[in-house]
$ cat entry-v7.cif   # mmCIF, C-alpha atoms
data_work
#
loop_
_atom_site.group_PDB
_atom_site.id
_atom_site.type_symbol
_atom_site.label_atom_id
_atom_site.label_comp_id
_atom_site.auth_asym_id
_atom_site.auth_seq_id
_atom_site.Cartn_x
_atom_site.Cartn_y
_atom_site.Cartn_z
ATOM 1 C CA MET A 1 29.934 -33.284 -48.826
ATOM 2 C CA ALA A 2 28.180 -30.325 -50.334
ATOM 3 C CA ILE A 3 26.649 -27.477 -48.408
ATOM 4 C CA ILE A 4 24.047 -25.551 -50.343
ATOM 5 C CA LEU A 5 23.001 -22.220 -48.911
ATOM 6 C CA ALA A 6 20.431 -19.753 -50.202
ATOM 7 C CA LEU A 7 20.202 -15.996 -50.282
ATOM 8 C CA ALA A 8 17.462 -14.142 -48.449
ATOM 9 C CA ALA A 9 17.858 -10.753 -50.090
ATOM 10 C CA CYS A 10 18.257 -7.784 -47.754
ATOM 11 C CA THR A 11 18.098 -9.894 -44.597
ATOM 12 C CA ALA A 12 20.707 -11.181 -42.203
ATOM 13 C CA GLY A 13 19.011 -14.278 -40.831
ATOM 14 C CA ARG A 14 19.431 -17.902 -41.735
ATOM 15 C CA PRO A 15 19.276 -18.892 -45.406
ATOM 16 C CA THR A 16 15.908 -19.627 -46.918
ATOM 17 C CA THR A 17 15.142 -22.830 -48.764
ATOM 18 C CA SER A 18 14.619 -21.452 -52.257
ATOM 19 C CA GLY A 19 17.451 -20.757 -54.669
ATOM 20 C CA THR A 20 21.177 -21.176 -54.066
ATOM 21 C CA THR A 21 24.118 -18.858 -53.750
ATOM 22 C CA GLY A 22 27.083 -21.124 -53.264
ATOM 23 C CA SER A 23 28.280 -24.500 -52.152
ATOM 24 C CA VAL A 24 31.250 -26.289 -50.709
ATOM 25 C CA ASP A 25 32.080 -28.972 -53.244
ATOM 26 C CA ALA A 26 33.890 -32.227 -52.560
ATOM 27 C CA ALA A 27 37.288 -30.695 -53.269
ATOM 28 C CA SER A 28 36.843 -28.104 -50.534
ATOM 29 C CA ALA A 29 34.713 -30.090 -48.119
ATOM 30 C CA LEU A 30 35.124 -29.529 -44.404
ATOM 31 C CA THR A 31 38.204 -31.133 -42.842
ATOM 32 C CA GLY A 32 36.198 -31.410 -39.633
ATOM 33 C CA ALA A 33 33.685 -29.482 -37.608
ATOM 34 C CA PRO A 34 34.854 -25.892 -37.146
ATOM 35 C CA PRO A 35 36.136 -25.196 -33.630
ATOM 36 C CA PHE A 36 33.327 -22.847 -32.679
ATOM 37 C CA THR A 37 33.863 -20.932 -29.458
ATOM 38 C CA ILE A 38 30.073 -20.512 -29.440
ATOM 39 C CA ASP A 39 28.576 -23.577 -31.098
ATOM 40 C CA GLN A 40 25.085 -22.289 -31.768
ATOM 41 C CA ASP A 41 23.482 -19.583 -33.893
ATOM 42 C CA PHE A 42 25.453 -16.447 -32.954
ATOM 43 C CA PRO A 43 26.016 -14.432 -36.151
ATOM 44 C CA ASP A 44 27.550 -10.983 -36.707
ATOM 45 C CA PRO A 45 29.475 -10.990 -33.409
ATOM 46 C CA ASP A 46 30.710 -7.752 -31.825
ATOM 47 C CA VAL A 47 32.973 -7.999 -28.777
ATOM 48 C CA LEU A 48 33.436 -5.361 -26.066
ATOM 49 C CA HIS A 49 36.205 -5.633 -23.463
ATOM 50 C CA VAL A 50 35.448 -3.963 -20.128
ATOM 51 C CA GLY A 51 37.624 -4.736 -17.095
ATOM 52 C CA ASP A 52 38.334 -8.455 -17.033
ATOM 53 C CA GLN A 53 35.224 -9.444 -19.001
ATOM 54 C CA TYR A 54 34.498 -9.792 -22.701
ATOM 55 C CA ASP A 55 30.913 -9.271 -23.838
ATOM 56 C CA ALA A 56 29.876 -10.569 -27.251
ATOM 57 C CA TYR A 57 26.679 -9.350 -28.911
ATOM 58 C CA ALA A 58 24.985 -10.999 -31.871
ATOM 59 C CA THR A 59 22.032 -10.968 -34.244
ATOM 60 C CA ASN A 60 18.549 -11.894 -33.049
ATOM 61 C CA THR A 61 17.081 -15.314 -32.367
ATOM 62 C CA PRO A 62 13.374 -16.132 -31.891
ATOM 63 C CA ALA A 63 13.960 -15.592 -28.149
ATOM 64 C CA ALA A 64 15.948 -12.328 -28.170
ATOM 65 C CA ASN A 65 16.320 -9.211 -30.290
ATOM 66 C CA ILE A 66 20.033 -9.028 -29.438
ATOM 67 C CA GLN A 67 22.048 -11.909 -27.993
ATOM 68 C CA LEU A 68 24.771 -11.705 -25.339
ATOM 69 C CA ALA A 69 27.597 -14.037 -24.358
ATOM 70 C CA THR A 70 30.332 -13.403 -21.778
ATOM 71 C CA SER A 71 33.889 -14.649 -21.332
ATOM 72 C CA ARG A 72 37.058 -13.997 -19.320
ATOM 73 C CA ASP A 73 39.487 -15.392 -21.880
ATOM 74 C CA LEU A 74 37.827 -15.314 -25.355
ATOM 75 C CA THR A 75 37.837 -19.117 -25.272
ATOM 76 C CA THR A 76 35.124 -20.226 -22.842
ATOM 77 C CA TRP A 77 31.809 -18.417 -23.295
ATOM 78 C CA THR A 78 28.513 -18.358 -21.427
ATOM 79 C CA VAL A 79 25.505 -17.461 -23.564
ATOM 80 C CA SER A 80 22.952 -15.389 -21.660
ATOM 81 C CA THR A 81 19.223 -16.054 -21.736
ATOM 82 C CA SER A 82 18.553 -12.301 -21.416
ATOM 83 C CA ASP A 83 17.594 -10.041 -24.292
ATOM 84 C CA MET A 84 19.977 -7.074 -24.570
ATOM 85 C CA LEU A 85 17.351 -5.030 -26.440
ATOM 86 C CA PRO A 86 14.045 -6.234 -24.956
ATOM 87 C CA THR A 87 12.020 -3.319 -26.337
ATOM 88 C CA LEU A 88 12.365 -2.231 -29.945
ATOM 89 C CA PRO A 89 11.807 1.377 -31.043
ATOM 90 C CA ALA A 90 8.384 2.151 -32.478
ATOM 91 C CA TRP A 91 9.733 2.346 -36.034
ATOM 92 C CA ALA A 92 11.269 -1.169 -35.959
ATOM 93 C CA LEU A 93 9.589 -4.426 -36.909
ATOM 94 C CA PRO A 94 10.181 -7.481 -34.690
ATOM 95 C CA GLY A 95 12.198 -10.468 -35.840
ATOM 96 C CA LYS A 96 14.829 -8.630 -37.888
ATOM 97 C CA THR A 97 17.335 -7.095 -35.481
ATOM 98 C CA TRP A 98 20.959 -7.823 -36.217
ATOM 99 C CA ALA A 99 24.626 -6.832 -36.445
ATOM 100 C CA PRO A 100 24.811 -4.961 -33.115
ATOM 101 C CA ASP A 101 27.784 -2.843 -32.058
ATOM 102 C CA VAL A 102 28.346 -1.815 -28.436
ATOM 103 C CA SER A 103 30.923 0.686 -27.177
ATOM 104 C CA GLU A 104 31.622 2.572 -23.958
ATOM 105 C CA VAL A 105 31.187 6.329 -24.441
ATOM 106 C CA SER A 106 31.963 7.268 -20.831
ATOM 107 C CA PRO A 107 32.238 5.433 -17.490
ATOM 108 C CA GLY A 108 28.902 3.746 -16.882
ATOM 109 C CA SER A 109 27.472 4.755 -20.262
ATOM 110 C CA TYR A 110 27.243 2.317 -23.171
ATOM 111 C CA VAL A 111 25.825 2.835 -26.650
ATOM 112 C CA MET A 112 24.459 0.104 -28.887
ATOM 113 C CA TYR A 113 23.979 0.569 -32.608
ATOM 114 C CA PHE A 114 21.782 -2.026 -34.298
ATOM 115 C CA THR A 115 20.087 -2.803 -37.591
ATOM 116 C CA ALA A 116 16.333 -3.274 -37.763
ATOM 117 C CA ALA A 117 13.659 -3.452 -40.433
ATOM 118 C CA ARG A 118 11.414 -0.429 -40.876
ATOM 119 C CA ALA A 119 7.820 -0.797 -42.003
ATOM 120 C CA GLU A 120 7.400 2.538 -43.779
ATOM 121 C CA PRO A 121 9.359 2.981 -45.921
ATOM 122 C CA ALA A 122 10.217 -0.722 -46.145
ATOM 123 C CA LEU A 123 13.958 -0.458 -45.520
ATOM 124 C CA GLN A 124 16.613 -1.658 -43.153
ATOM 125 C CA CYS A 125 17.852 1.131 -40.916
ATOM 126 C CA ILE A 126 20.280 1.745 -38.071
ATOM 127 C CA GLY A 127 19.023 2.587 -34.594
ATOM 128 C CA VAL A 128 20.731 3.522 -31.342
ATOM 129 C CA ALA A 129 20.144 2.459 -27.731
ATOM 130 C CA MET A 130 21.780 3.132 -24.350
ATOM 131 C CA ALA A 131 22.521 1.263 -21.112
ATOM 132 C CA HIS A 132 24.441 1.823 -17.879
ATOM 133 C CA SER A 133 26.048 -1.607 -18.047
ATOM 134 C CA PRO A 134 27.593 -3.566 -20.927
ATOM 135 C CA THR A 135 25.218 -6.399 -20.050
ATOM 136 C CA GLY A 136 22.182 -4.154 -20.524
ATOM 137 C CA PRO A 137 19.344 -3.997 -20.896
ATOM 138 C CA PHE A 138 19.628 -1.337 -23.608
ATOM 139 C CA THR A 139 16.856 1.197 -24.188
ATOM 140 C CA PRO A 140 16.222 2.725 -27.627
ATOM 141 C CA VAL A 141 16.953 6.429 -28.057
ATOM 142 C CA GLY A 142 14.828 8.662 -30.295
ATOM 143 C CA ASN A 143 11.681 8.144 -32.322
ATOM 144 C CA ALA A 144 13.352 7.613 -35.699
ATOM 145 C CA PRO A 145 16.321 5.668 -37.081
ATOM 146 C CA LEU A 146 19.766 7.160 -36.641
ATOM 147 C CA VAL A 147 20.834 6.332 -40.224
ATOM 148 C CA CYS A 148 18.382 5.438 -42.999
ATOM 149 C CA PRO A 149 19.177 6.912 -46.452
ATOM 150 C CA SER A 150 16.109 5.904 -48.458
ATOM 151 C CA ASP A 151 17.707 6.902 -51.768
ATOM 152 C CA GLU A 152 20.572 4.458 -51.085
ATOM 153 C CA GLY A 153 18.453 1.479 -50.031
ATOM 154 C CA GLY A 154 18.663 2.069 -46.277
ATOM 155 C CA ALA A 155 21.584 1.253 -43.978
ATOM 156 C CA ILE A 156 22.916 -1.771 -42.074
ATOM 157 C CA ASP A 157 25.986 -3.055 -40.202
ATOM 158 C CA PRO A 158 26.906 -0.181 -37.852
ATOM 159 C CA SER A 159 30.358 -0.155 -36.266
ATOM 160 C CA ALA A 160 31.780 2.442 -33.876
ATOM 161 C CA PHE A 161 35.341 3.758 -34.038
ATOM 162 C CA VAL A 162 37.147 6.214 -31.757
ATOM 163 C CA ASP A 163 40.294 7.778 -33.195
ATOM 164 C CA SER A 164 43.462 8.486 -31.231
ATOM 165 C CA ASP A 165 42.369 12.136 -30.840
ATOM 166 C CA GLY A 166 39.086 11.043 -29.221
ATOM 167 C CA ALA A 167 36.922 11.810 -32.256
ATOM 168 C CA ARG A 168 34.034 9.366 -32.543
ATOM 169 C CA TYR A 169 32.777 7.885 -35.826
ATOM 170 C CA LEU A 170 30.172 5.433 -37.053
ATOM 171 C CA LEU A 171 30.877 3.132 -39.984
ATOM 172 C CA TRP A 172 28.002 1.561 -41.866
ATOM 173 C CA LYS A 173 26.945 0.183 -45.215
ATOM 174 C CA ASN A 174 24.171 1.498 -47.421
ATOM 175 C CA ASP A 175 21.947 -1.473 -48.239
ATOM 176 C CA GLY A 176 22.165 -0.973 -51.987
ATOM 177 C CA ASN A 177 22.105 -4.669 -52.826
ATOM 178 C CA CYS A 178 18.425 -4.684 -51.884
ATOM 179 C CA CYS A 179 17.650 -2.493 -54.876
ATOM 180 C CA GLY A 180 20.327 -2.878 -57.540
ATOM 181 C CA LEU A 181 22.589 -0.129 -56.169
ATOM 182 C CA ASP A 182 26.241 -0.097 -55.180
ATOM 183 C CA THR A 183 27.101 -0.979 -51.593
ATOM 184 C CA TRP A 184 29.374 1.637 -50.034
ATOM 185 C CA LEU A 185 31.085 1.402 -46.681
ATOM 186 C CA GLN A 186 30.607 4.866 -45.220
ATOM 187 C CA LEU A 187 31.997 6.860 -42.302
ATOM 188 C CA THR A 188 30.012 9.453 -40.333
ATOM 189 C CA PRO A 189 31.340 11.672 -37.518
ATOM 190 C CA MET A 190 29.370 11.362 -34.284
ATOM 191 C CA THR A 191 28.735 13.539 -31.253
ATOM 192 C CA THR A 192 30.822 12.731 -28.175
ATOM 193 C CA ASP A 193 27.909 10.913 -26.525
ATOM 194 C CA GLY A 194 27.521 8.680 -29.588
ATOM 195 C CA LEU A 195 23.815 9.434 -29.929
ATOM 196 C CA ALA A 196 23.687 11.798 -32.921
ATOM 197 C CA LEU A 197 25.363 12.374 -36.265
ATOM 198 C CA ALA A 198 27.841 15.258 -36.287
ATOM 199 C CA GLY A 199 28.375 15.654 -40.011
ATOM 200 C CA PRO A 200 27.782 14.158 -43.465
ATOM 201 C CA PRO A 201 29.054 10.677 -44.368
ATOM 202 C CA THR A 202 32.166 9.938 -46.406
ATOM 203 C CA ARG A 203 32.120 7.035 -48.834
ATOM 204 C CA LEU A 204 35.159 4.804 -48.347
ATOM 205 C CA ILE A 205 34.993 1.715 -50.591
ATOM 206 C CA LYS A 206 32.447 -0.283 -52.578
ATOM 207 C CA GLN A 207 32.396 -3.689 -54.274
ATOM 208 C CA THR A 208 35.091 -3.816 -56.994
ATOM 209 C CA GLN A 209 36.959 -7.130 -56.650
ATOM 210 C CA PRO A 210 35.689 -10.304 -58.387
ATOM 211 C CA TRP A 211 35.620 -12.240 -55.088
ATOM 212 C CA GLU A 212 33.382 -9.561 -53.524
ATOM 213 C CA GLY A 213 30.477 -10.264 -55.876
ATOM 214 C CA ALA A 214 27.727 -7.653 -55.696
ATOM 215 C CA VAL A 215 28.110 -6.582 -52.080
ATOM 216 C CA ILE A 216 30.563 -5.512 -49.388
ATOM 217 C CA GLU A 217 29.408 -4.956 -45.805
ATOM 218 C CA ALA A 218 30.225 -5.362 -42.091
ATOM 219 C CA PRO A 219 32.930 -2.676 -41.730
ATOM 220 C CA THR A 220 35.390 -2.849 -38.815
ATOM 221 C CA LEU A 221 38.033 -0.143 -38.482
ATOM 222 C CA VAL A 222 41.252 -0.322 -36.459
ATOM 223 C CA LYS A 223 44.367 1.853 -36.376
ATOM 224 C CA ARG A 224 47.685 0.085 -36.652
ATOM 225 C CA ASP A 225 51.217 1.386 -37.138
ATOM 226 C CA GLY A 226 49.918 4.816 -38.185
ATOM 227 C CA SER A 227 47.524 3.400 -40.798
ATOM 228 C CA TYR A 228 43.784 2.822 -40.805
ATOM 229 C CA VAL A 229 42.876 -0.796 -41.503
ATOM 230 C CA LEU A 230 39.317 -1.369 -42.685
ATOM 231 C CA PHE A 231 38.131 -4.967 -42.402
ATOM 232 C CA TYR A 232 34.944 -5.946 -44.233
ATOM 233 C CA SER A 233 32.902 -8.921 -45.401
ATOM 234 C CA ALA A 234 31.841 -9.448 -48.998
ATOM 235 C CA ASN A 235 29.714 -11.551 -51.340
ATOM 236 C CA SER A 236 26.517 -13.344 -50.277
ATOM 237 C CA TYR A 237 26.445 -13.993 -46.537
ATOM 238 C CA ALA A 238 24.340 -17.111 -47.212
ATOM 239 C CA GLY A 239 26.921 -18.924 -49.312
ATOM 240 C CA SER A 240 30.433 -20.286 -49.120
ATOM 241 C CA ALA A 241 31.722 -17.359 -51.232
ATOM 242 C CA TYR A 242 31.306 -14.998 -48.252
ATOM 243 C CA ALA A 243 34.733 -13.917 -47.035
ATOM 244 C CA ILE A 244 36.659 -11.305 -45.045
ATOM 245 C CA GLY A 245 38.840 -8.703 -46.748
ATOM 246 C CA TYR A 246 40.638 -5.538 -45.754
ATOM 247 C CA ALA A 247 41.827 -2.190 -47.069
ATOM 248 C CA THR A 248 44.307 0.341 -45.684
ATOM 249 C CA ALA A 249 44.562 4.137 -45.758
ATOM 250 C CA PRO A 250 46.889 6.863 -44.447
ATOM 251 C CA ALA A 251 43.926 8.948 -43.219
ATOM 252 C CA ILE A 252 40.592 7.960 -41.721
ATOM 253 C CA THR A 253 38.623 9.235 -44.722
ATOM 254 C CA GLY A 254 40.946 7.517 -47.192
ATOM 255 C CA PRO A 255 41.852 6.863 -49.872
ATOM 256 C CA TYR A 256 41.662 3.172 -48.994
ATOM 257 C CA THR A 257 43.627 0.575 -50.932
ATOM 258 C CA LYS A 258 42.217 -2.951 -50.947
ATOM 259 C CA HIS A 259 44.310 -6.051 -50.514
ATOM 260 C CA GLY A 260 43.738 -8.197 -53.588
ATOM 261 C CA GLU A 261 42.669 -11.446 -51.951
ATOM 262 C CA PRO A 262 40.498 -12.198 -48.918
ATOM 263 C CA LEU A 263 42.110 -12.278 -45.513
ATOM 264 C CA LEU A 264 39.988 -15.335 -44.679
ATOM 265 C CA SER A 265 37.706 -17.395 -46.899
ATOM 266 C CA THR A 266 36.249 -20.862 -47.236
ATOM 267 C CA SER A 267 39.033 -21.871 -49.613
ATOM 268 C CA SER A 268 41.895 -20.275 -47.678
ATOM 269 C CA SER A 269 40.784 -22.202 -44.592
ATOM 270 C CA GLY A 270 40.597 -25.459 -46.509
ATOM 271 C CA GLY A 271 36.831 -25.532 -45.993
ATOM 272 C CA ARG A 272 37.185 -25.402 -42.222
ATOM 273 C CA TYR A 273 35.322 -22.098 -41.996
ATOM 274 C CA VAL A 274 32.423 -21.929 -44.440
ATOM 275 C CA GLY A 275 31.435 -18.390 -45.427
ATOM 276 C CA PRO A 276 33.438 -16.559 -42.733
ATOM 277 C CA GLY A 277 32.332 -12.977 -42.055
ATOM 278 C CA GLY A 278 30.674 -10.481 -39.739
ATOM 279 C CA GLN A 279 34.071 -9.937 -38.125
ATOM 280 C CA ASP A 280 35.356 -7.901 -35.202
ATOM 281 C CA VAL A 281 38.852 -7.311 -33.800
ATOM 282 C CA VAL A 282 39.588 -7.483 -30.073
ATOM 283 C CA THR A 283 42.690 -7.596 -27.881
ATOM 284 C CA ALA A 284 43.158 -10.794 -25.881
ATOM 285 C CA PRO A 285 44.317 -10.969 -22.239
ATOM 286 C CA ASP A 286 47.905 -11.580 -23.424
ATOM 287 C CA GLY A 287 47.902 -8.299 -25.390
ATOM 288 C CA THR A 288 47.733 -9.849 -28.848
ATOM 289 C CA ASP A 289 44.794 -9.383 -31.216
ATOM 290 C CA ARG A 290 42.029 -11.790 -32.158
ATOM 291 C CA LEU A 291 39.744 -11.935 -35.169
ATOM 292 C CA VAL A 292 36.195 -12.804 -34.072
ATOM 293 C CA PHE A 293 33.802 -13.911 -36.824
ATOM 294 C CA HIS A 294 30.974 -16.258 -37.697
ATOM 295 C CA SER A 295 30.869 -19.171 -40.125
ATOM 296 C CA TRP A 296 28.346 -21.825 -41.091
ATOM 297 C CA ASP A 297 28.037 -25.159 -39.339
ATOM 298 C CA PRO A 298 28.674 -28.245 -41.528
ATOM 299 C CA ALA A 299 24.961 -28.673 -42.243
ATOM 300 C CA GLY A 300 24.482 -25.020 -43.227
ATOM 301 C CA VAL A 301 21.833 -24.503 -40.541
ATOM 302 C CA TYR A 302 23.374 -21.888 -38.234
ATOM 303 C CA ARG A 303 26.356 -19.560 -37.917
ATOM 304 C CA GLY A 304 28.555 -20.151 -34.895
ATOM 305 C CA MET A 305 31.240 -17.827 -33.521
ATOM 306 C CA ASN A 306 34.957 -18.356 -34.045
ATOM 307 C CA VAL A 307 38.080 -16.709 -32.612
ATOM 308 C CA LEU A 308 41.464 -16.791 -34.377
ATOM 309 C CA PRO A 309 44.806 -15.115 -33.605
ATOM 310 C CA LEU A 310 45.286 -11.991 -35.725
ATOM 311 C CA ALA A 311 48.931 -11.273 -36.520
ATOM 312 C CA TRP A 312 50.400 -8.049 -37.872
ATOM 313 C CA SER A 313 53.343 -7.029 -40.008
ATOM 314 C CA GLY A 314 53.143 -3.273 -39.706
ATOM 315 C CA ALA A 315 49.623 -2.481 -40.888
ATOM 316 C CA VAL A 316 49.212 -5.768 -42.765
ATOM 317 C CA PRO A 317 47.047 -8.337 -40.934
ATOM 318 C CA SER A 318 47.182 -12.100 -41.308
ATOM 319 C CA VAL A 319 45.402 -15.118 -39.868
ATOM 320 C CA THR A 320 46.273 -18.798 -39.864
ATOM 321 C CA PRO A 321 43.076 -20.889 -39.999
#

$ encode --input "entry-v7.cif" --output "structure tokens"
Amino acid sequence: MAIILALAACTAGRPTTSGTTGSVDAASALTGAPPFTIDQDFPDPDVLHVGDQYDAYATNTPAANIQLATSRDLTTWTVSTSDMLPTLPAWALPGKTWAPDVSEVSPGSYVMYFTAARAEPALQCIGVAMAHSPTGPFTPVGNAPLVCPSDEGGAIDPSAFVDSDGARYLLWKNDGNCCGLDTWLQLTPMTTDGLALAGPPTRLIKQTQPWEGAVIEAPTLVKRDGSYVLFYSANSYAGSAYAIGYATAPAITGPYTKHGEPLLSTSSSGGRYVGPGGQDVVTAPDGTDRLVFHSWDPAGVYRGMNVLPLAWSGAVPSVTP
């Protein structure tokens, strides 16, 4: 069984029908339907744990700018019919809102970072919104994007990180693959309320490994055993070559050293997870970690959400598909 997926350059929606970017050939065909925890289109998942509830946020559908699903155990999920970002900021175009990240900045105060398309200039940019509950609704803050470097192709895939000293940061990727530029994962210090930049960005890593192709994106940063572990996705999101990698560093600004091979890929999962990516890391009720990510359904129509145990040996992560 072959799955042919196509690249829609500089977008994060479903693949288009023209051109191809990868396939799952007969040798690596699916061993069975992937065990989606959310078996519908729910790409780029970000999971927030507040109290005894997990809230997962995902890229837009025709019915919602930002999706929400809730769970008590990371296994059984209820997908909400509510839109977490019902009103877009004036600078954002409808229909292209994805890769949300939600974090608690103080009791009763939640910040959402999101990617949206901007009309003028025609770039993807990162916006910010606020809510008093993790289940929203979130209201945009400001009249302009939070991050949008026009000379670097714009910005996508925001991800918040709070260090052990309480310092707040925003990770993101410059959207260089839209315009023949390098794609850098970058780190910017933030104000304590999470609503404004507090300094210039630091470039961390860019595409260098053969398996990464022309793009790395979707940064997720965790601190483990005194090291900073930077998870990321690479290659074309619309094909089976998309995969999850990681790099480690002794300091938050680097230098980061990449692990040579993907942490999780189509081939390493025996074709069970096609084009895994858009990952997040969350702690389960039993205190162990989980890797949350999307992958394509067997027909290549939508990206469902998956949850796998994430094991550690010091600062070295591993998953067993």

$ resolve_selection --input "entry-v7.cif" --expression "the PyMOL selection byres ((chain A and resi 185) around 12)" --output "NGL selection string"
:A and (152 or 155-159 or 170-176 or 182-184 or 186-188 or 201-207 or 215-221 or 230-234 or 246-247 or 253-254 or 256)

$ atom_distance --input "entry-v7.cif" --atom1 "atom CA of Thr208 of chain A" --atom2 "atom CA of Ile244 of chain A"
14.2 Å

$ resolve_selection --input "entry-v7.cif" --expression "the PyMOL selection byres ((chain A and resi 241) around 10)" --output "number ranges by chain"
A: 21-24, 211-213, 234-240, 242-244, 265-267, 274-276

$ resolve_selection --input "entry-v7.cif" --expression "the PyMOL selection byres ((chain A and resi 285) around 9)" --output "count of residues only"
9

$ residues_near_point --input "entry-v7.cif" --point "(29.3, -20.9, -23.1)" --cutoff "8 Å" --atoms "all atoms listed in the file" --output "list in words"
Thr37, Ile38, Ala69, Thr70, Ser71, Thr76, Trp77, Thr78 and Val79 of chain A

$ residues_near_point --input "entry-v7.cif" --point "(8.8, 2.6, -45.5)" --cutoff "12 Å" --atoms "all atoms listed in the file" --output "ChimeraX atom specification"
/A:91-93,117-125,144-145,148-151,153-154

$ closest_residue --input "entry-v7.cif" --among "A:Ala63, A:Leu181, A:Ala58, A:Leu48" --to "Pro134 of chain A" --atoms "all atoms listed in the file"
A:Leu48

$ closest_residue --input "entry-v7.cif" --among "A:Gly260, A:Asp101, A:Ile126, A:Ser82" --to "Gln279 of chain A" --atoms "all atoms listed in the file"
A:Asp101

$ atom_distance --input "entry-v7.cif" --atom1 "atom CA of Pro298 of chain A" --atom2 "atom CA of Gln209 of chain A"
27.3 Å

$ atom_distance --input "entry-v7.cif" --atom1 "atom CA of Gly314 of chain A" --atom2 "atom CA of Gly245 of chain A"
16.8 Å

$ closest_residue --input "entry-v7.cif" --among "A:Asn177, A:Ser269, A:Thr75, A:Ser227" --to "Ala249 of chain A" --atoms "all atoms listed in the file"
A:Ser227

$ closest_residue --input "entry-v7.cif" --among "A:Val111, A:Ala315, A:Leu197, A:Leu263" --to "Gly226 of chain A" --atoms "all atoms listed in the file"
A:Ala315

$ closest_residue --input "entry-v7.cif" --among "A:Ser103, A:Gln40, A:Thr61, A:Gln53" --to "Asp83 of chain A" --atoms "only C-alpha atoms"
A:Thr61

$ closest_residue --input "entry-v7.cif" --among "A:Val229, A:Gly127, A:Pro86, A:Ile252" --to "Asp163 of chain A" --atoms "all atoms listed in the file"
A:Ile252

$ residues_around --input "entry-v7.cif" --residues "segment 96-99 of chain A" --least-positions-apart "4" --cutoff "8 Å" --atoms "all atoms listed in the file" --output "count of residues only"
20

$ residues_around --input "entry-v7.cif" --residues "Tyr228 of chain A" --least-positions-apart "2" --cutoff "6 Å" --atoms "only C-alpha atoms" --output "ChimeraX atom specification"
/A:222-223,248-249
